[in-house]
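Colleague: Here you go, this is my_file31.txt (compact mmCIF, C-alpha atoms and all ligand atoms).
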# COMPACT_ATOMS: atom_id res chain seq x y z
CA MET A 1062 -35.82 -68.10 -108.70
CA ASN A 1063 -33.02 -66.57 -106.77
CA SER A 1064 -31.73 -69.19 -104.39
CA PRO A 1065 -28.03 -69.61 -105.16
CA GLU A 1066 -27.96 -73.40 -105.05
CA ALA A 1067 -30.67 -73.77 -107.60
CA SER A 1068 -29.67 -70.85 -109.80
CA SER A 1069 -26.00 -71.85 -109.86
CA TYR A 1070 -26.62 -74.78 -112.10
CA ASP A 1071 -30.24 -74.41 -113.15
CA SER A 1072 -29.39 -74.26 -116.85
CA PRO A 1073 -26.04 -75.78 -117.67
CA VAL A 1074 -25.43 -76.12 -121.37
CA GLY A 1075 -26.93 -79.64 -121.51
CA ASP A 1076 -30.38 -78.52 -120.35
CA LEU A 1077 -30.24 -75.48 -122.59
CA VAL A 1078 -29.40 -77.58 -125.63
CA GLN A 1079 -32.04 -80.16 -124.86
CA ARG A 1080 -34.74 -77.51 -124.55
CA LEU A 1081 -33.58 -75.75 -127.68
CA THR A 1082 -33.54 -78.99 -129.68
CA GLN A 1083 -37.13 -79.68 -128.64
CA SER A 1084 -38.27 -76.14 -129.51
CA PHE A 1085 -36.53 -76.26 -132.88
CA THR A 1086 -37.94 -79.68 -133.73
CA SER A 1087 -41.47 -78.74 -132.80
CA GLU A 1088 -41.34 -75.45 -134.73
CA HIS A 1089 -39.71 -76.80 -137.88
CA SER A 1090 -40.97 -80.39 -137.83
CA ARG A 1091 -37.40 -81.61 -138.22
CA PRO A 1092 -34.44 -81.77 -135.83
CA PRO A 1093 -31.55 -79.27 -136.07
CA LYS A 1094 -28.55 -80.37 -138.11
CA TRP A 1095 -26.06 -78.20 -136.25
CA ILE A 1096 -25.91 -77.04 -132.62
CA VAL A 1097 -23.23 -74.75 -131.20
CA ALA A 1098 -22.75 -72.93 -127.90
CA ALA A 1099 -20.62 -70.03 -126.67
CA PRO A 1100 -20.33 -68.79 -123.06
CA GLY A 1101 -20.59 -65.41 -121.37
CA ARG A 1102 -17.76 -64.31 -119.08
CA VAL A 1103 -17.06 -62.71 -115.75
CA ASN A 1104 -13.94 -60.64 -115.25
CA LEU A 1105 -12.20 -61.16 -111.91
CA ILE A 1106 -10.00 -58.08 -112.28
CA GLY A 1107 -8.46 -55.85 -114.98
CA GLU A 1108 -11.39 -53.60 -115.87
CA HIS A 1109 -11.45 -51.07 -118.68
CA ILE A 1110 -7.86 -51.81 -119.56
CA ASP A 1111 -8.28 -54.26 -122.42
CA TYR A 1112 -8.41 -51.31 -124.82
CA ASN A 1113 -5.47 -49.74 -122.98
CA ASP A 1114 -2.87 -52.45 -123.62
CA GLY A 1115 -3.40 -53.85 -120.13
CA PHE A 1116 -3.95 -57.32 -118.66
CA VAL A 1117 -7.33 -58.82 -117.89
CA LEU A 1118 -8.22 -61.89 -115.84
CA PRO A 1119 -11.64 -63.19 -116.88
CA MET A 1120 -13.17 -66.66 -116.99
CA ALA A 1121 -15.91 -68.00 -119.22
CA ILE A 1122 -19.00 -68.81 -117.13
CA GLU A 1123 -21.39 -71.75 -117.14
CA ARG A 1124 -23.94 -69.68 -119.00
CA TYR A 1125 -24.22 -70.02 -122.73
CA VAL A 1126 -25.87 -68.85 -125.91
CA ALA A 1127 -26.81 -71.97 -127.91
CA ILE A 1128 -27.83 -71.87 -131.57
CA ALA A 1129 -29.60 -74.72 -133.36
CA ALA A 1130 -29.83 -74.64 -137.15
CA ALA A 1131 -30.72 -76.67 -140.21
CA PRO A 1132 -30.75 -76.05 -143.95
CA ARG A 1133 -34.12 -74.91 -145.24
CA ASN A 1134 -36.20 -77.10 -147.45
CA GLY A 1135 -35.69 -75.43 -150.83
CA SER A 1136 -33.01 -72.81 -151.36
CA HIS A 1137 -35.29 -69.78 -151.87
CA PRO A 1138 -35.50 -67.24 -150.47
CA HIS A 1139 -31.74 -67.28 -149.77
CA VAL A 1140 -32.00 -66.18 -146.14
CA ALA A 1141 -31.07 -67.18 -142.62
CA SER A 1142 -34.37 -67.08 -140.78
CA ILE A 1143 -33.73 -66.62 -137.05
CA ARG A 1144 -35.83 -67.01 -133.94
CA SER A 1145 -34.83 -65.76 -130.49
CA VAL A 1146 -36.45 -68.03 -127.90
CA ASN A 1147 -35.83 -65.63 -124.99
CA LEU A 1148 -37.37 -62.63 -126.69
CA ASN A 1149 -39.96 -64.57 -128.68
CA GLU A 1150 -38.99 -62.58 -131.75
CA SER A 1151 -38.05 -63.51 -135.30
CA ASP A 1152 -35.95 -61.80 -137.93
CA GLN A 1153 -33.97 -62.77 -140.98
CA ILE A 1154 -30.69 -62.08 -142.72
CA ASP A 1155 -30.66 -61.95 -146.51
CA LEU A 1156 -27.59 -63.97 -147.45
CA ASP A 1157 -27.23 -62.22 -150.81
CA LEU A 1158 -27.64 -58.73 -149.40
CA LEU A 1159 -26.31 -58.60 -145.86
CA PRO A 1160 -27.66 -55.83 -143.61
CA GLU A 1161 -25.86 -52.52 -143.23
CA PRO A 1162 -25.05 -51.44 -139.65
CA LYS A 1163 -27.92 -49.51 -138.07
CA LEU A 1164 -28.06 -48.07 -134.54
CA PRO A 1165 -29.37 -48.86 -132.01
CA PRO A 1166 -28.44 -52.47 -132.66
CA THR A 1167 -30.96 -55.30 -132.51
CA TRP A 1168 -29.92 -58.85 -131.59
CA CYS A 1169 -30.10 -59.65 -135.30
CA ALA A 1170 -27.56 -56.87 -136.02
CA TYR A 1171 -24.97 -58.56 -133.79
CA MET A 1172 -25.44 -61.73 -135.81
CA GLY A 1173 -25.53 -59.78 -139.10
CA GLY A 1174 -22.16 -58.24 -138.24
CA VAL A 1175 -20.65 -61.70 -137.83
CA PHE A 1176 -22.20 -62.89 -141.12
CA ALA A 1177 -20.64 -59.84 -142.82
CA GLY A 1178 -17.22 -60.54 -141.29
CA PHE A 1179 -17.47 -64.15 -142.37
CA ARG A 1180 -18.33 -63.20 -145.95
CA ASP A 1181 -15.27 -60.92 -146.03
CA ARG A 1182 -13.16 -63.77 -144.70
CA ILE A 1183 -14.27 -66.59 -147.00
CA GLY A 1184 -15.10 -64.48 -150.05
CA ALA A 1185 -18.46 -63.62 -151.60
CA GLU A 1186 -18.46 -66.61 -153.91
CA LYS A 1187 -18.09 -69.26 -151.21
CA PHE A 1188 -20.40 -67.32 -148.90
CA GLY A 1189 -23.04 -67.26 -151.64
CA GLN A 1190 -23.03 -71.06 -151.57
CA LEU A 1191 -24.16 -71.24 -147.95
CA PRO A 1192 -27.57 -72.88 -147.79
CA ALA A 1193 -30.72 -71.00 -146.85
CA MET A 1194 -31.26 -72.00 -143.22
CA ASP A 1195 -33.44 -71.85 -140.15
CA LEU A 1196 -31.78 -70.80 -136.91
CA MET A 1197 -33.09 -70.71 -133.38
CA PHE A 1198 -31.13 -69.54 -130.36
CA GLU A 1199 -31.59 -69.46 -126.63
CA SER A 1200 -29.43 -67.86 -123.96
CA ASN A 1201 -29.05 -68.28 -120.23
CA VAL A 1202 -26.49 -65.45 -120.04
CA PRO A 1203 -28.41 -62.56 -118.45
CA ILE A 1204 -29.02 -60.06 -121.25
CA GLY A 1205 -27.43 -56.64 -120.73
CA GLY A 1206 -26.04 -57.76 -117.36
CA GLY A 1207 -22.40 -57.04 -118.11
CA LEU A 1208 -21.61 -60.76 -118.58
CA SER A 1209 -21.00 -60.47 -122.34
CA SER A 1210 -24.29 -61.77 -123.63
CA SER A 1211 -23.58 -60.00 -126.92
CA ALA A 1212 -20.08 -61.46 -127.30
CA ALA A 1213 -21.52 -64.92 -126.59
CA LEU A 1214 -24.09 -64.42 -129.35
CA GLU A 1215 -21.42 -63.21 -131.78
CA VAL A 1216 -19.05 -66.07 -130.99
CA ALA A 1217 -21.83 -68.66 -131.21
CA THR A 1218 -22.80 -67.22 -134.61
CA ALA A 1219 -19.21 -67.43 -135.86
CA THR A 1220 -18.94 -71.01 -134.58
CA LEU A 1221 -22.10 -71.91 -136.46
CA LEU A 1222 -20.83 -70.33 -139.68
CA GLU A 1223 -17.58 -72.29 -139.33
CA VAL A 1224 -19.43 -75.60 -139.31
CA VAL A 1225 -21.96 -74.64 -141.98
CA SER A 1226 -19.27 -73.35 -144.36
CA GLY A 1227 -16.64 -75.94 -143.49
CA THR A 1228 -14.11 -73.17 -142.80
CA THR A 1229 -12.39 -73.27 -139.42
CA LEU A 1230 -11.01 -69.93 -138.33
CA GLY A 1231 -7.98 -69.49 -136.14
CA LEU A 1232 -9.16 -68.89 -132.57
CA ASP A 1233 -7.68 -65.37 -132.42
CA GLU A 1234 -9.09 -64.64 -135.82
CA LYS A 1235 -12.55 -65.72 -134.73
CA ALA A 1236 -12.47 -63.53 -131.61
CA LEU A 1237 -11.25 -60.54 -133.62
CA LEU A 1238 -13.91 -61.04 -136.29
CA CYS A 1239 -16.56 -60.95 -133.54
CA GLN A 1240 -14.99 -57.87 -131.93
CA LYS A 1241 -15.19 -56.12 -135.32
CA ALA A 1242 -18.89 -57.02 -135.55
CA GLU A 1243 -19.42 -55.37 -132.17
CA HIS A 1244 -17.53 -52.25 -133.30
CA ASP A 1245 -19.21 -51.93 -136.67
CA TYR A 1246 -22.71 -53.23 -136.00
CA ALA A 1247 -23.31 -52.42 -132.32
CA GLY A 1248 -21.38 -49.16 -132.29
CA VAL A 1249 -19.39 -50.15 -129.17
CA PRO A 1250 -15.60 -49.65 -129.53
CA CYS A 1251 -14.95 -52.54 -127.14
CA GLY A 1252 -11.61 -54.15 -126.34
CA ILE A 1253 -10.82 -57.83 -126.91
CA MET A 1254 -11.64 -59.31 -123.51
CA ASP A 1255 -15.21 -60.50 -124.05
CA GLN A 1256 -14.79 -62.24 -127.38
CA PHE A 1257 -11.45 -63.80 -126.32
CA SER A 1258 -13.05 -65.14 -123.13
CA SER A 1259 -15.94 -66.68 -125.04
CA VAL A 1260 -13.59 -68.31 -127.56
CA PHE A 1261 -10.68 -69.36 -125.31
CA GLY A 1262 -12.48 -70.17 -122.02
CA GLN A 1263 -11.16 -73.27 -120.24
CA GLU A 1264 -12.58 -75.30 -117.40
CA ASN A 1265 -10.64 -74.90 -114.14
CA ALA A 1266 -8.72 -71.79 -115.16
CA PHE A 1267 -8.83 -68.04 -115.29
CA MET A 1268 -7.44 -66.52 -118.45
CA MET A 1269 -4.63 -64.01 -118.05
CA LEU A 1270 -4.81 -62.11 -121.32
CA ASP A 1271 -2.10 -59.67 -122.26
CA CYS A 1272 -4.11 -57.26 -124.39
CA GLN A 1273 -0.98 -55.77 -125.93
CA SER A 1274 0.50 -59.00 -127.31
CA GLN A 1275 -2.82 -60.92 -127.27
CA GLN A 1276 -1.01 -63.77 -125.52
CA ILE A 1277 -3.01 -65.92 -123.13
CA ARG A 1278 -1.77 -67.69 -120.02
CA HIS A 1279 -4.30 -69.92 -118.29
CA VAL A 1280 -4.09 -69.55 -114.51
CA PRO A 1281 -5.34 -72.76 -112.85
CA PHE A 1282 -8.27 -72.30 -110.48
CA ASP A 1283 -9.83 -75.56 -109.46
CA SER A 1284 -11.85 -73.85 -106.80
CA ASN A 1285 -10.48 -75.90 -103.88
CA GLY A 1286 -12.71 -74.29 -101.29
CA VAL A 1287 -13.04 -70.89 -102.95
CA SER A 1288 -15.92 -69.81 -105.19
CA VAL A 1289 -16.78 -67.04 -107.60
CA LEU A 1290 -20.21 -65.54 -106.94
CA ILE A 1291 -21.87 -63.33 -109.53
CA THR A 1292 -24.52 -60.87 -108.37
CA ASN A 1293 -26.68 -59.19 -110.96
CA SER A 1294 -27.79 -55.79 -109.66
CA ASN A 1295 -30.60 -55.92 -112.20
CA VAL A 1296 -29.78 -52.36 -113.10
CA LYS A 1297 -29.53 -52.26 -116.88
CA HIS A 1298 -26.13 -51.99 -118.41
CA GLU A 1299 -26.05 -50.07 -121.69
CA LEU A 1300 -22.71 -49.58 -123.38
CA SER A 1301 -23.78 -48.05 -126.66
CA GLY A 1302 -24.87 -44.94 -124.73
CA GLY A 1303 -21.55 -43.15 -125.33
CA GLU A 1304 -19.94 -43.30 -121.86
CA TYR A 1305 -17.76 -46.22 -122.91
CA ALA A 1306 -16.49 -44.45 -126.04
CA GLN A 1307 -15.92 -41.32 -123.97
CA ARG A 1308 -13.72 -43.20 -121.47
CA ARG A 1309 -11.71 -44.61 -124.36
CA ALA A 1310 -11.24 -41.17 -125.87
CA GLN A 1311 -10.15 -39.71 -122.50
CA CYS A 1312 -7.52 -42.44 -122.13
CA ASP A 1313 -6.25 -41.93 -125.68
CA SER A 1314 -5.94 -38.21 -125.14
CA ALA A 1315 -4.14 -38.68 -121.80
CA LEU A 1316 -1.69 -41.14 -123.35
CA LYS A 1317 -0.90 -38.71 -126.13
CA LYS A 1318 -0.20 -35.93 -123.64
CA LEU A 1319 2.03 -38.25 -121.65
CA ALA A 1320 3.96 -38.80 -124.89
CA ALA A 1321 3.98 -42.57 -124.36
CA ALA A 1322 3.43 -45.21 -127.02
CA SER A 1323 1.54 -47.54 -124.70
CA TRP A 1324 0.03 -47.54 -121.19
CA ARG A 1325 2.48 -50.33 -120.44
CA ASP A 1326 5.27 -47.74 -120.61
CA VAL A 1327 3.61 -45.43 -118.06
CA THR A 1328 4.77 -45.92 -114.48
CA PRO A 1329 3.01 -44.39 -111.45
CA SER A 1330 5.94 -42.02 -110.84
CA MET A 1331 6.01 -40.91 -114.47
CA LEU A 1332 2.28 -40.22 -114.29
CA ASP A 1333 2.73 -38.09 -111.20
CA SER A 1334 5.63 -36.16 -112.67
CA LYS A 1335 3.51 -35.30 -115.72
CA LYS A 1336 0.29 -34.63 -113.84
CA GLN A 1337 0.31 -30.95 -114.90
CA SER A 1338 0.03 -31.82 -118.56
CA LEU A 1339 -3.32 -33.58 -118.02
CA THR A 1340 -6.78 -32.34 -117.17
CA ASP A 1341 -8.14 -33.54 -113.81
CA VAL A 1342 -10.40 -36.02 -115.55
CA GLU A 1343 -7.57 -37.38 -117.71
CA TYR A 1344 -5.36 -37.74 -114.65
CA SER A 1345 -8.02 -39.75 -112.81
CA ARG A 1346 -8.61 -42.01 -115.80
CA ALA A 1347 -4.86 -42.51 -116.19
CA ARG A 1348 -4.45 -43.33 -112.51
CA HIS A 1349 -7.05 -46.04 -112.86
CA VAL A 1350 -5.38 -47.54 -115.92
CA VAL A 1351 -1.87 -47.58 -114.49
CA SER A 1352 -2.93 -48.92 -111.09
CA GLU A 1353 -5.30 -51.54 -112.57
CA ILE A 1354 -2.54 -52.92 -114.81
CA GLU A 1355 -0.40 -53.42 -111.72
CA ARG A 1356 -3.25 -54.91 -109.65
CA THR A 1357 -4.09 -57.44 -112.36
CA GLN A 1358 -0.53 -58.73 -112.53
CA LYS A 1359 -0.47 -59.07 -108.75
CA ALA A 1360 -3.84 -60.84 -108.84
CA ALA A 1361 -2.51 -63.57 -111.16
CA VAL A 1362 0.35 -64.21 -108.72
CA ALA A 1363 -2.10 -64.30 -105.80
CA ILE A 1364 -4.27 -66.93 -107.53
CA GLU A 1365 -1.25 -69.05 -108.37
CA SER A 1366 -0.18 -69.06 -104.75
CA GLY A 1367 -3.68 -69.34 -103.27
CA GLN A 1368 -3.44 -65.99 -101.48
CA TRP A 1369 -7.18 -65.33 -101.44
CA GLN A 1370 -7.06 -62.53 -98.91
CA ALA A 1371 -4.50 -60.61 -100.98
CA LEU A 1372 -6.57 -61.21 -104.10
CA GLY A 1373 -9.67 -59.94 -102.31
CA GLU A 1374 -7.89 -56.73 -101.31
CA LEU A 1375 -6.91 -56.16 -104.94
CA MET A 1376 -10.57 -56.60 -105.95
CA TYR A 1377 -11.76 -54.00 -103.42
CA ALA A 1378 -9.03 -51.61 -104.60
CA SER A 1379 -10.08 -52.15 -108.20
CA HIS A 1380 -13.67 -51.29 -107.35
CA HIS A 1381 -12.61 -48.15 -105.52
CA SER A 1382 -10.62 -47.06 -108.54
CA LEU A 1383 -13.51 -47.77 -110.95
CA GLN A 1384 -15.90 -45.92 -108.66
CA HIS A 1385 -13.83 -42.80 -108.04
CA ASP A 1386 -11.19 -42.53 -110.78
CA TYR A 1387 -12.84 -44.15 -113.76
CA GLU A 1388 -16.41 -43.31 -112.68
CA VAL A 1389 -18.15 -46.27 -114.27
CA SER A 1390 -19.85 -47.68 -111.19
CA CYS A 1391 -23.31 -46.77 -109.91
CA CYS A 1392 -24.90 -46.67 -106.46
CA GLU A 1393 -26.43 -50.16 -106.76
CA LEU A 1394 -23.05 -51.74 -107.61
CA ASP A 1395 -21.41 -49.80 -104.77
CA LEU A 1396 -24.08 -51.05 -102.41
CA LEU A 1397 -23.50 -54.68 -103.43
CA VAL A 1398 -19.75 -54.33 -102.89
CA GLU A 1399 -20.30 -52.69 -99.50
CA LEU A 1400 -22.67 -55.48 -98.44
CA ALA A 1401 -20.02 -58.06 -99.34
CA ARG A 1402 -17.32 -56.09 -97.55
CA GLY A 1403 -19.57 -55.81 -94.49
CA ILE A 1404 -19.70 -59.61 -94.25
CA GLY A 1405 -15.92 -59.62 -94.42
CA LEU A 1406 -13.39 -62.34 -93.84
CA ALA A 1407 -15.14 -63.53 -90.71
CA GLY A 1408 -18.14 -64.42 -92.85
CA GLY A 1409 -16.04 -65.98 -95.62
CA VAL A 1410 -15.84 -63.07 -98.10
CA TYR A 1411 -12.39 -62.22 -99.51
CA GLY A 1412 -13.23 -59.45 -101.95
CA SER A 1413 -15.81 -57.99 -104.30
CA ARG A 1414 -16.00 -55.52 -107.17
CA MET A 1415 -18.08 -54.44 -110.12
CA THR A 1416 -17.33 -56.46 -113.25
CA GLY A 1417 -17.66 -55.64 -116.95
CA GLY A 1418 -18.40 -52.28 -118.52
CA GLY A 1419 -20.25 -50.85 -115.50
CA PHE A 1420 -23.14 -48.38 -115.15
CA GLY A 1421 -25.15 -51.34 -113.81
CA GLY A 1422 -24.74 -55.04 -114.45
CA CYS A 1423 -22.96 -57.37 -112.04
CA THR A 1424 -20.49 -57.63 -109.20
CA VAL A 1425 -18.05 -60.50 -108.76
CA THR A 1426 -17.30 -61.76 -105.25
CA LEU A 1427 -14.64 -64.21 -104.11
CA LEU A 1428 -15.66 -66.24 -101.09
CA ASP A 1429 -15.38 -69.52 -99.21
CA SER A 1430 -17.41 -72.15 -101.06
CA GLU A 1431 -19.12 -73.29 -97.90
CA LYS A 1432 -20.44 -69.76 -97.33
CA VAL A 1433 -22.01 -69.28 -100.77
CA VAL A 1434 -25.59 -69.87 -99.64
CA GLU A 1435 -25.33 -67.80 -96.46
CA VAL A 1436 -23.59 -64.88 -98.15
CA SER A 1437 -25.98 -64.91 -101.11
CA ASN A 1438 -29.04 -64.86 -98.87
CA HIS A 1439 -27.64 -61.98 -96.84
CA ILE A 1440 -26.71 -59.88 -99.86
CA GLN A 1441 -30.01 -60.52 -101.54
CA LYS A 1442 -32.05 -59.61 -98.50
CA GLN A 1443 -30.10 -56.45 -97.67
CA TYR A 1444 -29.93 -55.31 -101.30
CA LYS A 1445 -33.69 -55.62 -101.63
CA LYS A 1446 -34.19 -53.78 -98.36
CA GLN A 1447 -31.88 -50.90 -99.25
CA SER A 1448 -32.49 -50.52 -103.00
CA GLY A 1449 -35.92 -52.06 -103.48
CA ILE A 1450 -34.48 -54.25 -106.27
CA ASP A 1451 -34.24 -58.05 -106.47
CA ALA A 1452 -30.68 -59.16 -107.16
CA HIS A 1453 -30.03 -62.43 -108.95
CA LEU A 1454 -27.08 -64.44 -107.62
CA PHE A 1455 -25.31 -67.48 -108.99
CA ALA A 1456 -21.94 -69.15 -108.54
CA SER A 1457 -19.98 -70.32 -111.55
CA LEU A 1458 -16.87 -72.36 -112.16
CA PRO A 1459 -14.62 -71.44 -115.08
CA ALA A 1460 -16.28 -72.92 -118.16
CA LYS A 1461 -15.34 -74.24 -121.57
CA GLY A 1462 -15.21 -71.76 -124.48
CA ALA A 1463 -17.29 -71.91 -127.67
CA HIS A 1464 -17.81 -75.39 -129.07
CA LEU A 1465 -19.73 -77.47 -131.47
CA ILE A 1466 -22.32 -79.61 -129.74
CA SER A 1467 -23.56 -81.63 -132.67
CA CYS A 1468 -23.43 -81.69 -136.43
C1 LIG B 1501 -17.05 -54.24 -121.94
C2 LIG B 1501 -16.18 -54.33 -123.19
C3 LIG B 1501 -14.83 -54.98 -122.87
C4 LIG B 1501 -14.16 -54.29 -121.69
C5 LIG B 1501 -15.13 -54.14 -120.52
C6 LIG B 1501 -14.55 -53.34 -119.40
O1 LIG B 1501 -17.39 -55.50 -121.50
O2 LIG B 1501 -16.84 -55.08 -124.18
O3 LIG B 1501 -14.01 -54.94 -124.02
O4 LIG B 1501 -13.62 -53.07 -122.07
O5 LIG B 1501 -16.35 -53.53 -120.92
O6 LIG B 1501 -13.44 -53.97 -118.85
Take the structure in the file and write it out as structure tokens.

Modeller:
Amino acid sequence: MNSPEASSYDSPVGDLVQRLTQSFTSEHSRPPKWIVAAPGRVNLIGEHIDYNDGFVLPMAIERYVAIAAAPRNGSHPHVASIRSVNLNESDQIDLDLLPEPKLPPTWCAYMGGVFAGFRDRIGAEKFGQLPAMDLMFESNVPIGGGLSSSAALEVATATLLEVVSGTTLGLDEKALLCQKAEHDYAGVPCGIMDQFSSVFGQENAFMMLDCQSQQIRHVPFDSNGVSVLITNSNVKHELSGGEYAQRRAQCDSALKKLAAASWRDVTPSMLDSKKQSLTDVEYSRARHVVSEIERTQKAAVAIESGQWQALGELMYASHHSLQHDYEVSCCELDLLVELARGIGLAGGVYGSRMTGGGFGGCTVTLLDSEKVVEVSNHIQKQYKKQSGIDAHLFASLPAKGAHLISC
């Protein structure tokens, strides 16, 4: 089902939770005791700079991972038995002997990493008192689509453990615990954007996150006439493949050669004056980082003053930089951006760019709300014609971060 109107809101969290409750109840012959949900995210601008002390401007999306759980009848074996509805797979986590990290990660490893972080946080003794439990989860965040399906699963798991253990974490602490799970158990040295978005998401606002200070400023976006359209290229996005870590290493090495403590101290003119000290690749990566930090700050101002055309130009420039300087795009993402650009302002499109880690996944497009259906149909048709692949499109408003649904 690809029509934008239907797919925009085909599974808001309410439907997801209702379905999940029914599945849980029919499988376990009792209703869940706890239900939690955590959203995916889309990043409007500020790509690959969260691990470079930059600014990012994401929003949580109306797509969630929901987990339903209940204590098991009888405390033995002392495990969390987990079922993934989407994948129709089951696995379990031994609560007395948590799993060691093992690559490539399975969905259960992402959850295991959060269990391990939680045990470290609350102490082995208190953790050992958690009840044996049955868990079931379902997601309507496209898996591996660059919309942070893994961060949503991690944050939902942490939210569940908060309610089960009666220990509420600080919001920053929770996001950082989940980021550590991703580092240690999924082998991806990610920045803080995804987990912060899933924890701190707010309705009607983008989140301007300063990744150096970890301060958040919510930038109001109540959509008055402008929409955010997400287009999944349906080309698989795989971050544990090493390209991500390589980009990080190239940036670290460039920063060292520039003799700066932080990318925030590197100006475009300083970069140019020190160009000779960098390899060509390092220079290109650095140019992306420095220019993207500037674009993201300008983008926040543009949203605040409703300058959609200016914001759109910044999005196109960001894509160009990711395509040529950072080299994390791919031909399908470039095609989607070009199709959006071809429609242009006359057809209601302000700007478009790849979003997330890259190498596949999604684009994000800013457009007039009344043109969402027309633009989506055009992009879908042309993308299929030129790439042979079906894109999946949906619009989303900024959504609420992780929350408890019932307990
Ligand atoms: C992935 C990572 C994030 C961020 C983006 C790129 O989503 O998990 O931390 O680096 O890529 O902006």

Colleague: State, in Å with one decimal place, the distance from atom CA of Asp1283 of chain A to atom CA of Ala1219 of chain A.

Modeller: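 Pair atom CA of Asp1283 of chain A / atom CA of Ala1219 of chain A returns 29.2 Å.
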
Colleague: What does the structure give for the distance between atom CA of Glu1388 of chain A and atom CA of Ile1106 of chain A, in Å to one decimal?

Modeller: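 Going from atom CA of Glu1388 of chain A over to atom CA of Ile1106 of chain A, I get 16.1 Å.
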
Colleague: Go ahead and compute the interatomic distance for atom CA of Lys1445 of chain A and atom CA of Arg1402 of chain A, in Å to one decimal.

Modeller: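 So the two atoms, atom CA of Lys1445 of chain A and atom CA of Arg1402 of chain A, lie 16.9 Å apart.
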
Colleague: Give me, as JSON lines, each residue of chain A that comes within 9 Å of ligand LIG 1501 (chain B), together with its shortest interatomic pair and the distance in Å at one decimal, counting all atoms listed in the file, with rows ordered by chain and rising residue number.

Modeller:
{"residue": "A:Asn1104", "atom": "CA", "partner": "B:LIG1501", "partner_atom": "O6", "distance": 7.6}
{"residue": "A:Ile1106", "atom": "CA", "partner": "B:LIG1501", "partner_atom": "O6", "distance": 8.5}
{"residue": "A:Gly1107", "atom": "CA", "partner": "B:LIG1501", "partner_atom": "O6", "distance": 6.6}
{"residue": "A:Glu1108", "atom": "CA", "partner": "B:LIG1501", "partner_atom": "O6", "distance": 3.6}
{"residue": "A:His1109", "atom": "CA", "partner": "B:LIG1501", "partner_atom": "O6", "distance": 3.5}
{"residue": "A:Ile1110", "atom": "CA", "partner": "B:LIG1501", "partner_atom": "O6", "distance": 6.0}
{"residue": "A:Asp1111", "atom": "CA", "partner": "B:LIG1501", "partner_atom": "O4", "distance": 5.5}
{"residue": "A:Tyr1112", "atom": "CA", "partner": "B:LIG1501", "partner_atom": "O4", "distance": 6.1}
{"residue": "A:Asn1113", "atom": "CA", "partner": "B:LIG1501", "partner_atom": "O4", "distance": 8.9}
{"residue": "A:Val1117", "atom": "CA", "partner": "B:LIG1501", "partner_atom": "O6", "distance": 7.9}
{"residue": "A:Gly1207", "atom": "CA", "partner": "B:LIG1501", "partner_atom": "O1", "distance": 6.2}
{"residue": "A:Leu1208", "atom": "CA", "partner": "B:LIG1501", "partner_atom": "O1", "distance": 7.3}
{"residue": "A:Ser1209", "atom": "CA", "partner": "B:LIG1501", "partner_atom": "O1", "distance": 6.2}
{"residue": "A:Ser1211", "atom": "CA", "partner": "B:LIG1501", "partner_atom": "O2", "distance": 8.8}
{"residue": "A:Ala1212", "atom": "CA", "partner": "B:LIG1501", "partner_atom": "O2", "distance": 7.8}
{"residue": "A:Gln1240", "atom": "CA", "partner": "B:LIG1501", "partner_atom": "O2", "distance": 8.4}
{"residue": "A:Glu1243", "atom": "CA", "partner": "B:LIG1501", "partner_atom": "O2", "distance": 8.4}
{"residue": "A:Val1249", "atom": "CA", "partner": "B:LIG1501", "partner_atom": "O2", "distance": 7.5}
{"residue": "A:Pro1250", "atom": "CA", "partner": "B:LIG1501", "partner_atom": "O2", "distance": 7.7}
{"residue": "A:Cys1251", "atom": "CA", "partner": "B:LIG1501", "partner_atom": "O3", "distance": 4.0}
{"residue": "A:Gly1252", "atom": "CA", "partner": "B:LIG1501", "partner_atom": "O3", "distance": 3.4}
{"residue": "A:Ile1253", "atom": "CA", "partner": "B:LIG1501", "partner_atom": "O3", "distance": 5.2}
{"residue": "A:Met1254", "atom": "CA", "partner": "B:LIG1501", "partner_atom": "O3", "distance": 5.0}
{"residue": "A:Asp1255", "atom": "CA", "partner": "B:LIG1501", "partner_atom": "C3", "distance": 5.7}
{"residue": "A:Gln1256", "atom": "CA", "partner": "B:LIG1501", "partner_atom": "O3", "distance": 8.1}
{"residue": "A:Leu1300", "atom": "CA", "partner": "B:LIG1501", "partner_atom": "C1", "distance": 7.5}
{"residue": "A:Tyr1305", "atom": "CA", "partner": "B:LIG1501", "partner_atom": "O5", "distance": 7.7}
{"residue": "A:Arg1309", "atom": "CA", "partner": "B:LIG1501", "partner_atom": "O4", "distance": 9.0}
{"residue": "A:Thr1416", "atom": "CA", "partner": "B:LIG1501", "partner_atom": "O6", "distance": 7.3}
{"residue": "A:Gly1417", "atom": "CA", "partner": "B:LIG1501", "partner_atom": "O1", "distance": 4.6}
{"residue": "A:Gly1418", "atom": "CA", "partner": "B:LIG1501", "partner_atom": "O5", "distance": 3.4}
{"residue": "A:Gly1419", "atom": "CA", "partner": "B:LIG1501", "partner_atom": "O5", "distance": 7.2}

Colleague: Calculated over all atoms listed in the file, which of the candidates A:Ser1294, A:Gly1262, A:Leu1158, A:Leu1465 has the smallest distance to His1279 of chain A?

Modeller: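 Of the candidates, the smallest distance to His1279 of chain A is held by A:Gly1262.
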
Colleague: Identify, on the basis of all atoms listed in the file, every residue whose closest approach to segment 1233-1237 of chain A does not exceed 12 Å; exclude the query and any residue fewer than 3 positions from it along the same chain; express the result as a PyMOL selection string.

Modeller: chain A and resi 1099+1175-1176+1178-1179+1182+1212-1223+1228-1230+1240-1244+1251-1262+1270+1272+1274-1277+1462-1463
